[in-house]
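Participant: Sharing a structure below in structure tokens format, with a few things to ask.
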Amino acid sequence: MTRGSDRPFLSTLRRVERQLKVPISTRVRILRELEHDLEGRRGQLEAEGVEGEDARVRSLDTHSPDRKTIQDLGRIYAPRYQRMTADLAQDRVRKLERTALVILAISVLVGEAQVLSQADLLGDPSPFLWPVLCLGALLFSMTIGEAFAIWVKGDHRLVRHGSQAILVTSGVIMTAGFLGVLVDGYRLLVVSESEGALSGALLVPWLGREAELLAVSLVLALAGGLAWFTLTQWLTAVSDAHREVLGLDPNRRTS
């Protein structure tokens, strides 16, 4: 694809882009196809001897979509989820989505507890393990919600605060794990001082509890970081394609 002054249909692409009500990835594909058709028609006319500007105008006359066509494209390429919920009140749809996320978070928390219980890791856990598990359930629900918004609802905003919240929550989980080790270690020292010595009966269980806490918090934090990286990379690729097809400055941010 050429760019700059070599793309005489940029103004038309930008006009159509402003009117298209479809996910950005679909919008980019439609605009690329439109430019390809316009360029192909212009080349055909120039090969027939039509002057450059006249060829451009005549290409627009035959291939530039009008408002009704753009609206039809919006209906055809609307995500299936939007078509399925189009007849429902949007407030009700949002309530159902939030309820589903809450149920999902609770289910994940129960699942985490069952897995750890089967692995015999909840017999004598650190007090910080449960907050970490709750944050892990929240992180999982946030990730599913963000993926649902992007790939099911078709809400492809290029600046998404939800993706950043996933990264922040992952950092909080890791911090909670290390903070738990420090606090539990301090409590162990206090108990040891009261008894006059640090006995193996206290140290060995403490090491086991803290190893479990660190392992769970690191696994959850790394999973959240991987989810954030995947979502961010996809959104970055879409953003780059969006700016390219519209001939925008690569340093300019869109939303």
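Identifiers in the structure tokens: chain A, B, ... in order shown; residue index from 1 per chain; ligand index from 1 in order shown.
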For the contact check between range 169-223 of chain A and range 130-135 of chain A, emit one row per residue of range 169-223 of chain A within 12 Å, containing the shortest atom pair and the distance in Å rounded to one decimal, counting only C-alpha atoms, chain then rising number order, as CSV.
Facilitator:
residue,atom,partner,partner_atom,distance
A:Thr169,CA,A:Leu135,CA,7.4
A:Ser170,CA,A:Leu135,CA,8.5
A:Gly171,CA,A:Leu135,CA,10.6
A:Val172,CA,A:Leu135,CA,8.3
A:Ile173,CA,A:Val132,CA,5.9
A:Met174,CA,A:Val132,CA,8.5
A:Thr175,CA,A:Val132,CA,9.6
A:Ala176,CA,A:Val132,CA,6.7
A:Gly177,CA,A:Val132,CA,7.0
A:Phe178,CA,A:Val132,CA,10.7
A:Leu179,CA,A:Val132,CA,10.9
A:Gly180,CA,A:Val132,CA,9.5
A:Glu212,CA,A:Val132,CA,11.3
A:Leu213,CA,A:Val132,CA,8.2
A:Leu214,CA,A:Val132,CA,9.8
A:Ala215,CA,A:Val132,CA,10.9
A:Val216,CA,A:Val132,CA,7.9
A:Ser217,CA,A:Val132,CA,6.3
A:Leu218,CA,A:Val132,CA,10.0
A:Val219,CA,A:Val132,CA,10.8
A:Leu220,CA,A:Leu133,CA,8.6
A:Ala221,CA,A:Leu135,CA,9.7
Participant: When you count only C-alpha atoms, which of these residues is closest to Phe9 in chain A: A:Arg56, A:Arg32, A:Arg27, A:Lys21?
Facilitator: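 The answer is A:Arg56, which sits nearest to Phe9 in chain A.
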Participant: Might you pull out every residue within 12 Å of range 90-99 of chain A, with only C-alpha atoms counted and same-chain residues fewer than 6 positions away left off, and present them as a PyMOL selection string?
Facilitator: chain A and resi 81-82+84+105-106+141-142+144-146+148-149+153
Participant: Find the residues around Leu246 in chain A up to 8 Å (only C-alpha atoms counted), leave out those fewer than 3 positions away in its own chain, and share them as a ChimeraX atom specification.
Facilitator: /A:10,13-14,242-243
Participant: Of the candidates A:Leu73, A:Ala147, A:Ala165, A:Leu138, which shows the shortest atom-to-atom distance to Val102 in chain A, using only C-alpha atoms?
Facilitator: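 Among A:Leu73, A:Ala147, A:Ala165, A:Leu138, it is A:Leu138 that comes nearest to Val102 in chain A.
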Participant: Could you find all residues in range 37-177 of chain A that DSSP calls alpha helix (DSSP H) from the backbone, and write them as number ranges by chain?
Facilitator: A: 37-47, 52-63, 67-76, 80-84, 90-118, 129-151, 161-177
